[in-house]
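Everything below concerns the one structure shown next.
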Amino acid sequence: MHKLFLIISSISGLLAIALGAFGAHALKDKLQASGTLDTFQTAVQYQFYHTLALLGIAFLMTKYESSWLNYAGYSMTFGILIFSGSLYILCFTGMKWLGAITPIGGLLFILGWVFLLVTAVKSL
């Protein structure tokens, strides 16, 4: 399972850097004109923070066996997809209703950190 989360974190990190650079340079004027530059930056930041957390989870899985780490990894993965993904789509399409979906991703991030805490308390 650690290999899966290592692959996902690698892809997510690559995308966070590429999207961040693309947004800061090629899309900056478009994002500023639509008033979504801050939203885009938030999406990139949270994607990158949780990509690093997912990388840490993958590393911990090589040292400790815990189903809680699996839950943490999946929560972080789906949190990235839903939180950052909904914000990216909102920025590119202007579909404001996607803002209602974003908190689900935030909740998944919180759950991921809770699952990591449970791992620490029960396994380490």
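All residue names refer to the structure tokens as shown: chains lettered A, B, ... in order, residues numbered from 1 in each chain, ligands numbered from 1 in order.
Excluding range 104-107 of chain A itself and same-chain residues fewer than 6 positions from it, the residues having an atom within 9 Å of it are Ser75, Met76, Phe78, Gly79, Ile80, Leu81, Ile82, Phe83, Ser84, Gly85 and Ser86 of chain A, counting only C-alpha atoms.
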Please, could you write that set of residues out with N, CA, C and O atoms as an mmCIF file, in the first residue's frame?
```cif
data_model
loop_
_atom_site.group_PDB
_atom_site.id
_atom_site.type_symbol
_atom_site.label_atom_id
_atom_site.label_comp_id
_atom_site.auth_asym_id
_atom_site.auth_seq_id
_atom_site.Cartn_x
_atom_site.Cartn_y
_atom_site.Cartn_z
ATOM 1 N N SER A 75 -7.833 9.357 2.926
ATOM 2 C CA SER A 75 -8.463 10.638 3.253
ATOM 3 C C SER A 75 -7.688 11.799 2.634
ATOM 4 O O SER A 75 -8.293 12.729 2.073
ATOM 5 N N MET A 76 -6.375 11.760 2.739
ATOM 6 C CA MET A 76 -5.554 12.814 2.134
ATOM 7 C C MET A 76 -5.706 12.822 0.610
ATOM 8 O O MET A 76 -5.849 13.881 -0.007
ATOM 9 N N PHE A 78 -8.236 11.695 -1.315
ATOM 10 C CA PHE A 78 -9.538 12.191 -1.759
ATOM 11 C C PHE A 78 -9.763 13.635 -1.332
ATOM 12 O O PHE A 78 -10.468 14.390 -2.017
ATOM 13 N N GLY A 79 -9.105 14.056 -0.244
ATOM 14 C CA GLY A 79 -9.152 15.455 0.143
ATOM 15 C C GLY A 79 -8.510 16.340 -0.918
ATOM 16 O O GLY A 79 -9.045 17.394 -1.277
ATOM 17 N N ILE A 80 -7.364 15.917 -1.428
ATOM 18 C CA ILE A 80 -6.687 16.661 -2.495
ATOM 19 C C ILE A 80 -7.586 16.745 -3.719
ATOM 20 O O ILE A 80 -7.775 17.821 -4.302
ATOM 21 N N LEU A 81 -8.138 15.613 -4.108
ATOM 22 C CA LEU A 81 -8.987 15.595 -5.306
ATOM 23 C C LEU A 81 -10.208 16.494 -5.151
ATOM 24 O O LEU A 81 -10.536 17.266 -6.068
ATOM 25 N N ILE A 82 -10.871 16.415 -4.020
ATOM 26 C CA ILE A 82 -12.117 17.161 -3.846
ATOM 27 C C ILE A 82 -11.854 18.623 -3.495
ATOM 28 O O ILE A 82 -12.453 19.522 -4.100
ATOM 29 N N PHE A 83 -10.966 18.885 -2.540
ATOM 30 C CA PHE A 83 -10.708 20.267 -2.128
ATOM 31 C C PHE A 83 -10.024 21.040 -3.253
ATOM 32 O O PHE A 83 -10.586 21.992 -3.803
ATOM 33 N N SER A 84 -8.820 20.631 -3.606
ATOM 34 C CA SER A 84 -8.078 21.374 -4.622
ATOM 35 C C SER A 84 -8.729 21.237 -5.998
ATOM 36 O O SER A 84 -8.806 22.214 -6.739
ATOM 37 N N GLY A 85 -9.198 20.040 -6.294
ATOM 38 C CA GLY A 85 -9.836 19.823 -7.597
ATOM 39 C C GLY A 85 -11.042 20.718 -7.822
ATOM 40 O O GLY A 85 -11.202 21.320 -8.895
ATOM 41 N N SER A 86 -11.885 20.838 -6.805
ATOM 42 C CA SER A 86 -13.069 21.695 -6.958
ATOM 43 C C SER A 86 -12.672 23.160 -7.107
ATOM 44 O O SER A 86 -13.292 23.905 -7.878
#
```
Discussion item. Taking 5 positions as the minimum chain separation for residues in the same chain, which residues sit within 10 Å of Ser123 in chain A when counting only C-alpha atoms? Answer as number ranges by chain.
Written reply: A: 64-69, 117-118
Dump all heavy atoms for the selected residues as a CSV table (one decimal), in the first residue's frame?
```csv
chain,number,residue,atom,x,y,z
A,64,TYR,N,5.7,1.0,10.0
A,64,TYR,CA,4.6,0.6,10.9
A,64,TYR,C,3.4,0.0,10.1
A,64,TYR,O,3.1,0.5,9.0
A,64,TYR,CB,4.1,1.7,11.7
A,64,TYR,CG,5.2,2.4,12.4
A,64,TYR,CD1,5.8,3.6,11.9
A,64,TYR,CD2,5.7,1.9,13.6
A,64,TYR,CE1,6.8,4.2,12.6
A,64,TYR,CE2,6.7,2.5,14.3
A,64,TYR,CZ,7.2,3.7,13.8
A,64,TYR,OH,8.3,4.3,14.5
A,65,GLU,N,2.8,-1.0,10.6
A,65,GLU,CA,1.6,-1.6,10.0
A,65,GLU,C,0.4,-1.2,10.8
A,65,GLU,O,0.2,-1.5,12.0
A,65,GLU,CB,1.8,-3.2,10.0
A,65,GLU,CG,0.8,-3.8,9.1
A,65,GLU,CD,1.1,-5.3,8.9
A,65,GLU,OE1,2.3,-5.6,8.8
A,65,GLU,OE2,0.2,-6.1,8.9
A,66,SER,N,-0.4,-0.4,10.1
A,66,SER,CA,-1.6,0.1,10.8
A,66,SER,C,-2.7,0.4,9.7
A,66,SER,O,-2.4,1.1,8.7
A,66,SER,CB,-1.3,1.4,11.5
A,66,SER,OG,-2.5,2.0,12.0
A,67,SER,N,-3.9,-0.1,9.9
A,67,SER,CA,-5.0,0.2,9.0
A,67,SER,C,-5.3,1.7,9.1
A,67,SER,O,-5.8,2.3,8.1
A,67,SER,CB,-6.2,-0.6,9.3
A,67,SER,OG,-6.6,-0.4,10.6
A,68,TRP,N,-5.0,2.4,10.2
A,68,TRP,CA,-5.2,3.8,10.4
A,68,TRP,C,-4.4,4.6,9.4
A,68,TRP,O,-4.8,5.7,8.9
A,68,TRP,CB,-5.0,4.3,11.8
A,68,TRP,CG,-5.9,3.6,12.7
A,68,TRP,CD1,-5.7,2.6,13.6
A,68,TRP,CD2,-7.3,4.0,12.9
A,68,TRP,NE1,-6.8,2.3,14.3
A,68,TRP,CE2,-7.8,3.1,13.9
A,68,TRP,CE3,-8.2,4.9,12.4
A,68,TRP,CZ2,-9.2,3.2,14.3
A,68,TRP,CZ3,-9.5,5.0,12.8
A,68,TRP,CH2,-10.0,4.1,13.8
A,69,LEU,N,-3.2,4.1,9.0
A,69,LEU,CA,-2.4,4.8,8.0
A,69,LEU,C,-3.1,4.7,6.7
A,69,LEU,O,-3.0,5.7,5.9
A,69,LEU,CB,-1.0,4.2,8.0
A,69,LEU,CG,-0.1,4.6,9.1
A,69,LEU,CD1,1.3,3.8,9.0
A,69,LEU,CD2,0.2,6.1,9.0
A,117,LEU,N,-3.2,10.9,13.8
A,117,LEU,CA,-3.1,11.0,15.2
A,117,LEU,C,-3.4,9.6,15.9
A,117,LEU,O,-2.7,9.2,16.8
A,117,LEU,CB,-4.0,12.0,15.7
A,117,LEU,CG,-4.2,12.2,17.3
A,117,LEU,CD1,-2.8,12.6,17.9
A,117,LEU,CD2,-5.2,13.2,17.6
A,118,VAL,N,-4.5,9.0,15.4
A,118,VAL,CA,-4.9,7.7,16.0
A,118,VAL,C,-3.8,6.7,15.7
A,118,VAL,O,-3.5,5.9,16.6
A,118,VAL,CB,-6.2,7.2,15.3
A,118,VAL,CG1,-6.5,5.7,15.7
A,118,VAL,CG2,-7.4,8.1,15.7
```
Worksheet item: Near range 90-94 of chain A, counting only C-alpha atoms, which residues have an atom at most 12 Å away, once you skip same-chain residues fewer than 5 positions from it, shown as a PyMOL selection string?
Response: chain A and resi 23+27-28+30-44+82-85+99-102
Practice prompt. Grab the CA of His50 in chain A to CA of Asn70 in chain A distance for me, in Å with one decimal place.
Written response: 14.7 Å
Mind checking which residues fall within 10 Å of Ser10 in chain A, counting only C-alpha atoms, ignoring those fewer than 5 positions away in the same chain, and posting them as a CSV table (one decimal) with N, CA and C atoms, in the first residue's frame?
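File written: out-v9.csv
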```
chain,number,residue,atom,x,y,z
A,4,LEU,N,1.5,2.6,-3.4
A,4,LEU,CA,0.4,3.4,-4.0
A,4,LEU,C,0.4,4.8,-3.6
A,5,PHE,N,0.6,5.0,-2.3
A,5,PHE,CA,0.6,6.4,-1.8
A,5,PHE,C,1.9,7.2,-2.2
A,15,LEU,N,2.0,17.7,-10.1
A,15,LEU,CA,0.9,18.6,-10.6
A,15,LEU,C,0.9,19.9,-9.8
A,16,ALA,N,1.1,19.8,-8.5
A,16,ALA,CA,1.0,21.1,-7.7
A,16,ALA,C,2.1,22.1,-8.1
A,51,THR,N,0.1,16.8,-0.1
A,51,THR,CA,1.0,15.9,-0.8
A,51,THR,C,2.2,15.5,0.0
A,52,LEU,N,2.7,16.5,0.7
A,52,LEU,CA,3.8,16.2,1.7
A,52,LEU,C,3.3,15.2,2.8
A,54,LEU,N,0.9,13.1,2.6
A,54,LEU,CA,0.8,11.7,2.0
A,54,LEU,C,2.1,11.1,1.8
A,55,LEU,N,3.1,11.8,1.4
A,55,LEU,CA,4.5,11.2,1.3
A,55,LEU,C,4.9,10.7,2.6
```
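Minimum atom-to-atom distances from A:Ile57, A:Ala72, A:Leu98, A:Val121 to Ile7 in chain A were compared using only C-alpha atoms, and the lowest value belongs to A:Ile57.
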Practice prompt. One decimal, Å: what's the distance from CA of Ala120 in chain A over to CA of Leu14 in chain A, could you say?
Written response: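 Pair CA of Ala120 in chain A / CA of Leu14 in chain A returns 28.3 Å.
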Item to complete: Based on DSSP run over this structure's backbone, return all residues of chain A in alpha helix (DSSP H), as a PyMOL selection string.
Response: chain A and resi 2-24+28-34+37-63+67-79+85-93+102-123
